[in-house]
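Enquirer: Encoded as structure tokens, here's the structure I'll be asking about.
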Amino acid sequence: MPGLYNTVVLLPDRYSRQILFPGIGPEGQRKLAEGRVSIVGCGATGTCAASLLARAGVGHLRIIDRDYVEASNLQRQTLFDEADAAESLPKAIAAARKIAAFNSEIHVQAEVADLVPGNIQPLLAESDLILDATDNFETRYLINDFAVEQRRPWIYAAAVASYAVTMNILPEETACLACVFPAQPQGTVETCDTAGILNSAVNLIASIQATEALKYLVGARGQLRRSLLSFDVWSNDHAEIAAAKPRADCPTCARREFPHLAGEGRPQITLCGRNSVQIHERRRPVDFAELSARLQPHGAVKHNDFVLKFFRDPYEITLFPDGRAIIKGTTDTAVARSLYARFVGS
Ligand SMILES: [Zn+2]
């Protein structure tokens, strides 16, 4: 247990106030140091949960995110600063750097990736617990399939405007996501880009999510909430819906059908209302220096070790080293595909 040993040598007081809390204590703190948590998505919920768990001394964090830091994130994504946005740093990388500055004694693994059926196994296989900090139901159903199939607990969390909601999913014990939401909510689904978001709503739900994670990791299973909890921080409306028991006819946890896990090769998806299309059809390692030189005559281009940005009015292409791209300025997948083929390669 090198992490704990370092703690004792370097900063003996680091966790003292938390150890004083009877629910944690020295034994709980030791369990936290051994804990392995994956956080899927590193936006507002993810940065808040990651910060709390890192400061609490959870020994192994894996942060998975497909996106890069922008100025509009800074209002609520508490691990990022203006320099991260200026550099367009991938969020997972920026988060890991910030955490290292306040807790260098834990292990943080940054994964710049979109969680898809093809990579979910290697990305989440070693986690004791999975935290949902995504912004879309497609990924949540994928996590639910994986977690139920593997009998691994996960915690759903979502926030939009002043409203936030969370639920613990303990496979074979409580309801799963598909028990509560058999299908993706239909009709107008508000997103942070259409309805806005209060940072306090996100921090509230991420704090509850992180606390449930601590309870699970220290073995306080009896204290884990078994309901779908929602809270509107503006109207003060709040509700709890029982979720203690799985639905007898749930296709996922009762019939053990996992279509989202089996779904291979989702070709491309539109990001959360941000006038962007993501392309990740194939993995093709990209040489940023070579591509920069090739793109120079066609528009402004800049790159660092993690991202390449190419500006061609009215579009902005952000490319990651594995060939994945986020194309801003369109929601038309055909336009995005053609820009990718033209400037990156088909
Ligand atoms: Zn279920």
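Convention: chains lettered A, B, ... in structure tokens order; per-chain residue numbering from 1; ligands numbered from 1 as shown.
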Write out as a VMD selection string the residues lying within 12 Å of Glu257 of chain A, counting only C-alpha atoms and excluding same-chain residues fewer than 6 positions away.
Expert: chain A and resid 141 to 142 144 to 146 148 to 149 178 249 to 251 263
Enquirer: Show me which residues sit within 9 Å of ligand 1 when counting only C-alpha atoms and all ligand atoms, and put them as a VMD selection string.
Expert: chain A and resid 144 148 171 to 172 174 to 182 245 to 256
Enquirer: Those residues with N, CA and C atoms, as an mmCIF file, in the first residue's frame please?
Expert:
```cif
data_model
loop_
_atom_site.group_PDB
_atom_site.id
_atom_site.type_symbol
_atom_site.label_atom_id
_atom_site.label_comp_id
_atom_site.auth_asym_id
_atom_site.auth_seq_id
_atom_site.Cartn_x
_atom_site.Cartn_y
_atom_site.Cartn_z
ATOM 1 N N ASN A 144 -25.064 0.843 -17.847
ATOM 2 C CA ASN A 144 -26.011 -0.015 -17.130
ATOM 3 C C ASN A 144 -25.890 -1.469 -17.592
ATOM 4 N N VAL A 148 -24.637 -4.268 -14.945
ATOM 5 C CA VAL A 148 -25.539 -5.364 -14.572
ATOM 6 C C VAL A 148 -24.923 -6.693 -15.012
ATOM 7 N N PRO A 171 -26.474 -3.966 -8.691
ATOM 8 C CA PRO A 171 -27.047 -5.076 -9.462
ATOM 9 C C PRO A 171 -27.431 -6.261 -8.576
ATOM 10 N N GLU A 172 -28.559 -6.867 -8.913
ATOM 11 C CA GLU A 172 -29.142 -8.009 -8.187
ATOM 12 C C GLU A 172 -29.654 -7.617 -6.806
ATOM 13 N N THR A 174 -30.855 -3.692 -6.109
ATOM 14 C CA THR A 174 -31.785 -2.580 -6.333
ATOM 15 C C THR A 174 -32.223 -2.535 -7.796
ATOM 16 N N ALA A 175 -33.117 -1.594 -8.094
ATOM 17 C CA ALA A 175 -33.520 -1.368 -9.481
ATOM 18 C C ALA A 175 -32.318 -0.902 -10.299
ATOM 19 N N CYS A 176 -32.320 -1.250 -11.603
ATOM 20 C CA CYS A 176 -31.278 -0.733 -12.484
ATOM 21 C C CYS A 176 -31.857 0.445 -13.280
ATOM 22 N N LEU A 177 -31.034 1.065 -14.116
ATOM 23 C CA LEU A 177 -31.506 2.234 -14.871
ATOM 24 C C LEU A 177 -32.689 1.873 -15.767
ATOM 25 N N ALA A 178 -32.633 0.669 -16.367
ATOM 26 C CA ALA A 178 -33.704 0.256 -17.273
ATOM 27 C C ALA A 178 -34.985 -0.107 -16.526
ATOM 28 N N CYS A 179 -34.888 -0.461 -15.250
ATOM 29 C CA CYS A 179 -36.090 -0.680 -14.433
ATOM 30 C C CYS A 179 -36.867 0.636 -14.303
ATOM 31 N N VAL A 180 -36.134 1.716 -14.093
ATOM 32 C CA VAL A 180 -36.742 3.018 -13.834
ATOM 33 C C VAL A 180 -37.058 3.750 -15.135
ATOM 34 N N PHE A 181 -36.143 3.690 -16.096
ATOM 35 C CA PHE A 181 -36.340 4.315 -17.415
ATOM 36 C C PHE A 181 -36.222 3.223 -18.479
ATOM 37 N N PRO A 182 -37.351 2.514 -18.775
ATOM 38 C CA PRO A 182 -37.279 1.421 -19.746
ATOM 39 C C PRO A 182 -36.817 1.897 -21.115
ATOM 40 N N LYS A 245 -36.115 -2.265 -5.274
ATOM 41 C CA LYS A 245 -36.286 -3.609 -5.850
ATOM 42 C C LYS A 245 -36.266 -3.543 -7.382
ATOM 43 N N PRO A 246 -35.625 -4.506 -8.021
ATOM 44 C CA PRO A 246 -35.653 -4.552 -9.480
ATOM 45 C C PRO A 246 -37.063 -4.829 -9.976
ATOM 46 N N ARG A 247 -37.364 -4.389 -11.215
ATOM 47 C CA ARG A 247 -38.650 -4.663 -11.833
ATOM 48 C C ARG A 247 -38.617 -6.095 -12.373
ATOM 49 N N ALA A 248 -39.656 -6.868 -12.085
ATOM 50 C CA ALA A 248 -39.636 -8.299 -12.425
ATOM 51 C C ALA A 248 -39.484 -8.533 -13.928
ATOM 52 N N ASP A 249 -39.990 -7.585 -14.748
ATOM 53 C CA ASP A 249 -39.918 -7.794 -16.197
ATOM 54 C C ASP A 249 -38.840 -6.920 -16.852
ATOM 55 N N CYS A 250 -37.889 -6.453 -16.076
ATOM 56 C CA CYS A 250 -36.843 -5.597 -16.667
ATOM 57 C C CYS A 250 -36.015 -6.409 -17.671
ATOM 58 N N PRO A 251 -35.892 -5.902 -18.907
ATOM 59 C CA PRO A 251 -35.113 -6.653 -19.893
ATOM 60 C C PRO A 251 -33.638 -6.784 -19.506
ATOM 61 N N THR A 252 -33.137 -5.794 -18.788
ATOM 62 C CA THR A 252 -31.706 -5.803 -18.474
ATOM 63 C C THR A 252 -31.411 -6.682 -17.256
ATOM 64 N N CYS A 253 -31.982 -6.339 -16.113
ATOM 65 C CA CYS A 253 -31.560 -7.077 -14.917
ATOM 66 C C CYS A 253 -32.385 -8.334 -14.665
ATOM 67 N N ALA A 254 -33.605 -8.446 -15.241
ATOM 68 C CA ALA A 254 -34.366 -9.679 -15.056
ATOM 69 C C ALA A 254 -34.078 -10.664 -16.193
ATOM 70 N N ARG A 255 -34.176 -10.168 -17.436
ATOM 71 C CA ARG A 255 -33.975 -11.077 -18.576
ATOM 72 C C ARG A 255 -32.517 -11.139 -19.033
ATOM 73 N N ARG A 256 -31.691 -10.279 -18.488
ATOM 74 C CA ARG A 256 -30.257 -10.237 -18.810
ATOM 75 C C ARG A 256 -30.003 -10.135 -20.317
#
```
Enquirer: Report the residues of segment 117-293 of chain A whose backbone DSSP state falls under strand (DSSP E or B), written as JSON, numbers by chain.
Expert: {"A": [129, 130, 131, 132, 154, 155, 156, 157, 158, 159, 160, 161, 163, 164, 165, 166, 167, 168, 169, 197, 227, 228, 229, 230, 231, 232, 238, 239, 240, 241, 242, 268, 269, 270, 276, 277, 278, 279]}
Enquirer: May I have the selected residues written with N, CA, C and O atoms, as a short mmCIF file (atom, residue, chain, number, x, y, z; two decimals), in the first residue's frame?
Expert:
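Listed below is the output, again25.cif:
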```cif
data_model
loop_
_atom_site.label_atom_id
_atom_site.label_comp_id
_atom_site.auth_asym_id
_atom_site.auth_seq_id
_atom_site.Cartn_x
_atom_site.Cartn_y
_atom_site.Cartn_z
N LEU A 129 -16.27 0.42 -8.62
CA LEU A 129 -17.45 1.26 -8.66
C LEU A 129 -17.32 2.22 -9.85
O LEU A 129 -16.23 2.70 -10.14
N ILE A 130 -18.46 2.46 -10.52
CA ILE A 130 -18.47 3.34 -11.69
C ILE A 130 -19.39 4.52 -11.40
O ILE A 130 -20.52 4.34 -10.95
N LEU A 131 -18.88 5.72 -11.63
CA LEU A 131 -19.71 6.91 -11.47
C LEU A 131 -20.09 7.45 -12.83
O LEU A 131 -19.23 7.68 -13.69
N ASP A 132 -21.38 7.66 -13.03
CA ASP A 132 -21.87 8.27 -14.26
C ASP A 132 -21.78 9.78 -14.12
O ASP A 132 -22.42 10.37 -13.24
N TRP A 154 -22.95 0.96 -9.85
CA TRP A 154 -22.66 2.26 -10.46
C TRP A 154 -23.66 3.28 -9.95
O TRP A 154 -24.69 2.92 -9.36
N ILE A 155 -23.33 4.54 -10.11
CA ILE A 155 -24.18 5.61 -9.59
C ILE A 155 -24.52 6.58 -10.72
O ILE A 155 -23.64 7.22 -11.29
N TYR A 156 -25.83 6.63 -11.01
CA TYR A 156 -26.35 7.54 -12.03
C TYR A 156 -26.46 8.94 -11.45
O TYR A 156 -26.88 9.12 -10.29
N ALA A 157 -26.08 9.95 -12.23
CA ALA A 157 -26.27 11.34 -11.80
C ALA A 157 -26.48 12.20 -13.04
O ALA A 157 -25.82 11.99 -14.06
N ALA A 158 -27.39 13.15 -12.94
CA ALA A 158 -27.65 14.04 -14.07
C ALA A 158 -28.14 15.38 -13.54
O ALA A 158 -28.78 15.44 -12.48
N ALA A 159 -27.84 16.44 -14.28
CA ALA A 159 -28.30 17.76 -13.87
C ALA A 159 -28.54 18.61 -15.11
O ALA A 159 -27.80 18.54 -16.09
N VAL A 160 -29.61 19.39 -15.06
CA VAL A 160 -29.87 20.38 -16.11
C VAL A 160 -30.63 21.53 -15.47
O VAL A 160 -31.46 21.31 -14.57
N ALA A 161 -30.31 22.74 -15.89
CA ALA A 161 -30.91 23.94 -15.31
C ALA A 161 -30.70 23.94 -13.78
O ALA A 161 -29.57 23.85 -13.32
N TYR A 163 -32.19 21.60 -11.82
CA TYR A 163 -32.72 20.30 -11.43
C TYR A 163 -31.62 19.24 -11.51
O TYR A 163 -30.83 19.23 -12.45
N ALA A 164 -31.58 18.35 -10.52
CA ALA A 164 -30.57 17.31 -10.54
C ALA A 164 -31.15 16.02 -9.96
O ALA A 164 -32.08 16.05 -9.14
N VAL A 165 -30.62 14.89 -10.41
CA VAL A 165 -31.18 13.60 -10.03
C VAL A 165 -30.07 12.56 -9.91
O VAL A 165 -29.06 12.65 -10.62
N THR A 166 -30.23 11.62 -8.99
CA THR A 166 -29.21 10.58 -8.85
C THR A 166 -29.83 9.30 -8.30
O THR A 166 -30.89 9.32 -7.66
N MET A 167 -29.18 8.18 -8.60
CA MET A 167 -29.66 6.88 -8.13
C MET A 167 -28.47 5.91 -8.05
O MET A 167 -27.63 5.87 -8.95
N ASN A 168 -28.43 5.13 -6.97
CA ASN A 168 -27.43 4.07 -6.86
C ASN A 168 -27.99 2.82 -7.53
O ASN A 168 -29.13 2.44 -7.26
N ILE A 169 -27.17 2.16 -8.32
CA ILE A 169 -27.59 0.89 -8.92
C ILE A 169 -26.68 -0.21 -8.37
O ILE A 169 -25.48 -0.24 -8.64
N ILE A 197 -27.50 25.70 -16.97
CA ILE A 197 -27.22 24.86 -15.82
C ILE A 197 -26.68 25.73 -14.67
O ILE A 197 -25.87 26.61 -14.90
N SER A 227 -33.11 4.78 -3.60
CA SER A 227 -34.21 5.53 -4.22
C SER A 227 -33.64 6.39 -5.34
O SER A 227 -32.43 6.63 -5.40
N LEU A 228 -34.55 6.83 -6.22
CA LEU A 228 -34.19 7.83 -7.22
C LEU A 228 -34.47 9.19 -6.57
O LEU A 228 -35.62 9.50 -6.25
N LEU A 229 -33.42 9.94 -6.34
CA LEU A 229 -33.55 11.20 -5.61
C LEU A 229 -33.44 12.37 -6.59
O LEU A 229 -32.52 12.41 -7.40
N SER A 230 -34.38 13.29 -6.51
CA SER A 230 -34.27 14.49 -7.37
C SER A 230 -34.46 15.74 -6.52
O SER A 230 -35.15 15.72 -5.50
N PHE A 231 -33.81 16.80 -6.98
CA PHE A 231 -33.83 18.04 -6.21
C PHE A 231 -33.74 19.20 -7.19
O PHE A 231 -32.91 19.20 -8.09
N ASP A 232 -34.64 20.18 -7.02
CA ASP A 232 -34.54 21.41 -7.80
C ASP A 232 -34.09 22.51 -6.85
O ASP A 232 -34.83 22.90 -5.94
N HIS A 238 -38.36 18.66 -4.16
CA HIS A 238 -37.52 17.47 -4.15
C HIS A 238 -38.39 16.23 -3.98
O HIS A 238 -39.50 16.32 -3.46
N ALA A 239 -37.88 15.12 -4.46
CA ALA A 239 -38.69 13.90 -4.44
C ALA A 239 -37.78 12.69 -4.36
O ALA A 239 -36.62 12.73 -4.75
N GLU A 240 -38.34 11.62 -3.82
CA GLU A 240 -37.64 10.35 -3.81
C GLU A 240 -38.60 9.28 -4.29
O GLU A 240 -39.73 9.18 -3.80
N ILE A 241 -38.17 8.51 -5.28
CA ILE A 241 -38.99 7.42 -5.79
C ILE A 241 -38.30 6.11 -5.39
O ILE A 241 -37.09 5.97 -5.60
N ALA A 242 -39.05 5.21 -4.83
CA ALA A 242 -38.46 3.95 -4.38
C ALA A 242 -37.79 3.22 -5.53
O ALA A 242 -38.33 3.12 -6.63
N GLN A 268 -21.16 7.76 -35.59
CA GLN A 268 -20.83 9.08 -35.07
C GLN A 268 -22.02 9.57 -34.28
O GLN A 268 -23.12 9.11 -34.48
N ILE A 269 -21.77 10.48 -33.37
CA ILE A 269 -22.88 11.01 -32.60
C ILE A 269 -22.76 12.51 -32.48
O ILE A 269 -21.67 13.06 -32.55
N THR A 270 -23.88 13.16 -32.32
CA THR A 270 -23.88 14.60 -32.13
C THR A 270 -23.73 14.88 -30.64
O THR A 270 -24.42 14.29 -29.83
N SER A 276 -22.08 20.44 -32.69
CA SER A 276 -20.87 19.68 -33.00
C SER A 276 -21.22 18.24 -33.34
O SER A 276 -22.20 17.70 -32.86
N VAL A 277 -20.37 17.66 -34.15
CA VAL A 277 -20.50 16.23 -34.46
C VAL A 277 -19.18 15.57 -34.12
O VAL A 277 -18.11 16.10 -34.43
N GLN A 278 -19.28 14.41 -33.48
CA GLN A 278 -18.07 13.66 -33.19
C GLN A 278 -17.92 12.53 -34.19
O GLN A 278 -18.90 11.85 -34.50
N ILE A 279 -16.72 12.34 -34.68
CA ILE A 279 -16.46 11.23 -35.60
C ILE A 279 -15.43 10.31 -34.98
O ILE A 279 -14.36 10.75 -34.59
#
```
Enquirer: When distances are computed from only C-alpha atoms, which of A:Ala95, A:Ile19, A:Leu261, A:Ala334 shows the smallest separation from Gly57 of chain A?
Expert: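 With only C-alpha atoms as the atom set, the closest residue is A:Ile19.
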Enquirer: Neighbours of Gly23 of chain A within 9 Å (only C-alpha atoms; same-chain residues fewer than 5 positions away dropped), as a list of chain:residue names?
Expert: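 Here the answer would be A:Gln18, A:Gly28, A:Lys215, A:Val218, A:Ala220.
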Enquirer: Keeping C-alpha atoms for every residue in the selection just given, could you write it to a file as a short mmCIF file (atom, residue, chain, number, x, y, z; two decimals), in the first residue's frame?
Expert:
```
data_model
loop_
_atom_site.label_atom_id
_atom_site.label_comp_id
_atom_site.auth_asym_id
_atom_site.auth_seq_id
_atom_site.Cartn_x
_atom_site.Cartn_y
_atom_site.Cartn_z
CA GLN A 18 -12.22 12.65 7.76
CA GLY A 28 -12.48 3.22 6.34
CA LYS A 215 -20.17 4.68 1.76
CA VAL A 218 -15.85 1.72 3.19
CA ALA A 220 -21.35 0.92 4.74
#
```
Enquirer: At most 8 Å is the cut-off: for each residue in segment 112-209 of chain A with any atom that close to an atom of segment 33-36 of chain A, write down the nearest atom pair and the distance in Å rounded to one decimal, counting only C-alpha atoms, chain first then increasing number, as JSON lines.
Expert:
```
{"residue": "A:Glu126", "atom": "CA", "partner": "A:Arg36", "partner_atom": "CA", "distance": 7.2}
{"residue": "A:Ser127", "atom": "CA", "partner": "A:Arg36", "partner_atom": "CA", "distance": 5.1}
{"residue": "A:Asp128", "atom": "CA", "partner": "A:Arg36", "partner_atom": "CA", "distance": 5.3}
{"residue": "A:Leu129", "atom": "CA", "partner": "A:Arg36", "partner_atom": "CA", "distance": 6.8}
```
Enquirer: Excluding segment 305-319 of chain A and residues on its chain fewer than 2 positions from it, collect all residues at most 9 Å away from it, counting only C-alpha atoms, and give them as JSON, numbers by chain.
Expert: {"A": [68, 87, 88, 89, 90, 93, 112, 286, 288, 291, 292, 295, 296, 298, 299, 300, 301, 302, 303, 321, 322, 323, 324, 325, 326, 327, 328, 329, 330, 339, 340, 344]}
Enquirer: Write out as a PyMOL selection string all residues of segment 13-104 of chain A that DSSP puts in alpha helix (DSSP H) for this structure's backbone.
Expert: chain A and resi 16-20+25-34+44-56+82-87+91-102
Enquirer: Just to confirm, what's the straight-line distance from atom CA of Glu173 of chain A to atom CA of Val58 of chain A in Å (one decimal)?
Expert: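 These two atoms are separated by 24.5 Å.
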Enquirer: Go through A:Ala56, A:Leu217, A:Val233, A:Cys42 and flag the residue nearest Thr78 of chain A, using only C-alpha atoms for the distances.
Expert: A:Cys42
Enquirer: Using only C-alpha atoms, which of A:Ser72, A:Asn304, A:Thr134, A:Asn119 sits nearest Ala206 of chain A?
Expert: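 Among A:Ser72, A:Asn304, A:Thr134, A:Asn119, it is A:Thr134 that comes nearest to Ala206 of chain A.
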Enquirer: Using only C-alpha atoms, determine which residues lie at most 10 Å from Ala96 of chain A, disregarding the query and same-chain residues fewer than 6 positions distant; provide the list as a list in words.
Expert: Thr47, Ala50, Ser51, Ala54, Leu61, Arg62, Ile63, Leu79, Ser104, His107, Val108, Gln109, Ala110 and Glu111 of chain A
Enquirer: Can you write just those residues out, N, CA and C atoms, as a PDB file, in the first residue's frame?
Expert:
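Output below, filename result05.pdb:
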```pdb
ATOM      1  N   THR A  47     -15.980  16.613 -12.663  1.00  0.00           N
ATOM      2  CA  THR A  47     -14.906  17.351 -11.973  1.00  0.00           C
ATOM      3  C   THR A  47     -15.202  17.455 -10.488  1.00  0.00           C
ATOM      4  N   ALA A  50     -14.780  13.896  -8.931  1.00  0.00           N
ATOM      5  CA  ALA A  50     -13.357  13.509  -8.951  1.00  0.00           C
ATOM      6  C   ALA A  50     -12.586  14.287  -7.890  1.00  0.00           C
ATOM      7  N   SER A  51     -12.873  15.574  -7.786  1.00  0.00           N
ATOM      8  CA  SER A  51     -12.182  16.401  -6.796  1.00  0.00           C
ATOM      9  C   SER A  51     -12.476  15.909  -5.381  1.00  0.00           C
ATOM     10  N   ALA A  54     -10.838  12.434  -4.804  1.00  0.00           N
ATOM     11  CA  ALA A  54      -9.373  12.555  -4.746  1.00  0.00           C
ATOM     12  C   ALA A  54      -8.953  13.163  -3.413  1.00  0.00           C
ATOM     13  N   LEU A  61      -8.163   6.427  -9.168  1.00  0.00           N
ATOM     14  CA  LEU A  61      -9.243   7.035  -9.940  1.00  0.00           C
ATOM     15  C   LEU A  61      -8.915   6.918 -11.419  1.00  0.00           C
ATOM     16  N   ARG A  62      -9.926   6.540 -12.192  1.00  0.00           N
ATOM     17  CA  ARG A  62      -9.763   6.556 -13.637  1.00  0.00           C
ATOM     18  C   ARG A  62     -10.780   7.548 -14.186  1.00  0.00           C
ATOM     19  N   ILE A  63     -10.299   8.536 -14.919  1.00  0.00           N
ATOM     20  CA  ILE A  63     -11.171   9.586 -15.437  1.00  0.00           C
ATOM     21  C   ILE A  63     -11.245   9.446 -16.951  1.00  0.00           C
ATOM     22  N   LEU A  79     -12.512  21.766 -11.828  1.00  0.00           N
ATOM     23  CA  LEU A  79     -11.087  21.417 -11.859  1.00  0.00           C
ATOM     24  C   LEU A  79     -10.329  22.179 -12.947  1.00  0.00           C
ATOM     25  N   SER A 104      -0.937  14.235  -4.606  1.00  0.00           N
ATOM     26  CA  SER A 104      -0.012  13.464  -5.446  1.00  0.00           C
ATOM     27  C   SER A 104       0.139  12.046  -4.927  1.00  0.00           C
ATOM     28  N   HIS A 107      -3.391   7.506  -7.213  1.00  0.00           N
ATOM     29  CA  HIS A 107      -3.134   7.214  -8.625  1.00  0.00           C
ATOM     30  C   HIS A 107      -4.322   7.676  -9.456  1.00  0.00           C
ATOM     31  N   VAL A 108      -4.050   8.536 -10.421  1.00  0.00           N
ATOM     32  CA  VAL A 108      -5.114   9.004 -11.309  1.00  0.00           C
ATOM     33  C   VAL A 108      -4.738   8.649 -12.734  1.00  0.00           C
ATOM     34  N   GLN A 109      -5.632   7.964 -13.404  1.00  0.00           N
ATOM     35  CA  GLN A 109      -5.384   7.596 -14.792  1.00  0.00           C
ATOM     36  C   GLN A 109      -6.333   8.377 -15.688  1.00  0.00           C
ATOM     37  N   ALA A 110      -5.778   9.157 -16.594  1.00  0.00           N
ATOM     38  CA  ALA A 110      -6.592   9.940 -17.520  1.00  0.00           C
ATOM     39  C   ALA A 110      -6.782   9.150 -18.808  1.00  0.00           C
ATOM     40  N   GLU A 111      -8.026   8.986 -19.234  1.00  0.00           N
ATOM     41  CA  GLU A 111      -8.320   8.279 -20.487  1.00  0.00           C
ATOM     42  C   GLU A 111      -9.078   9.229 -21.404  1.00  0.00           C
TER      43      GLU A 111
END
```
Enquirer: For atom CA of Thr139 of chain A and atom CA of His260 of chain A, determine how far apart the two atoms are, in Å to one decimal place.
Expert: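 That distance, rounded to one decimal, is 8.7 Å.
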Enquirer: Using only C-alpha atoms, which residue out of A:Asn203, A:Glu82, A:Gln29, A:Asp135 lies closest to Arg17 of chain A?
Expert: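 Closest residue, counting only C-alpha atoms: A:Gln29.
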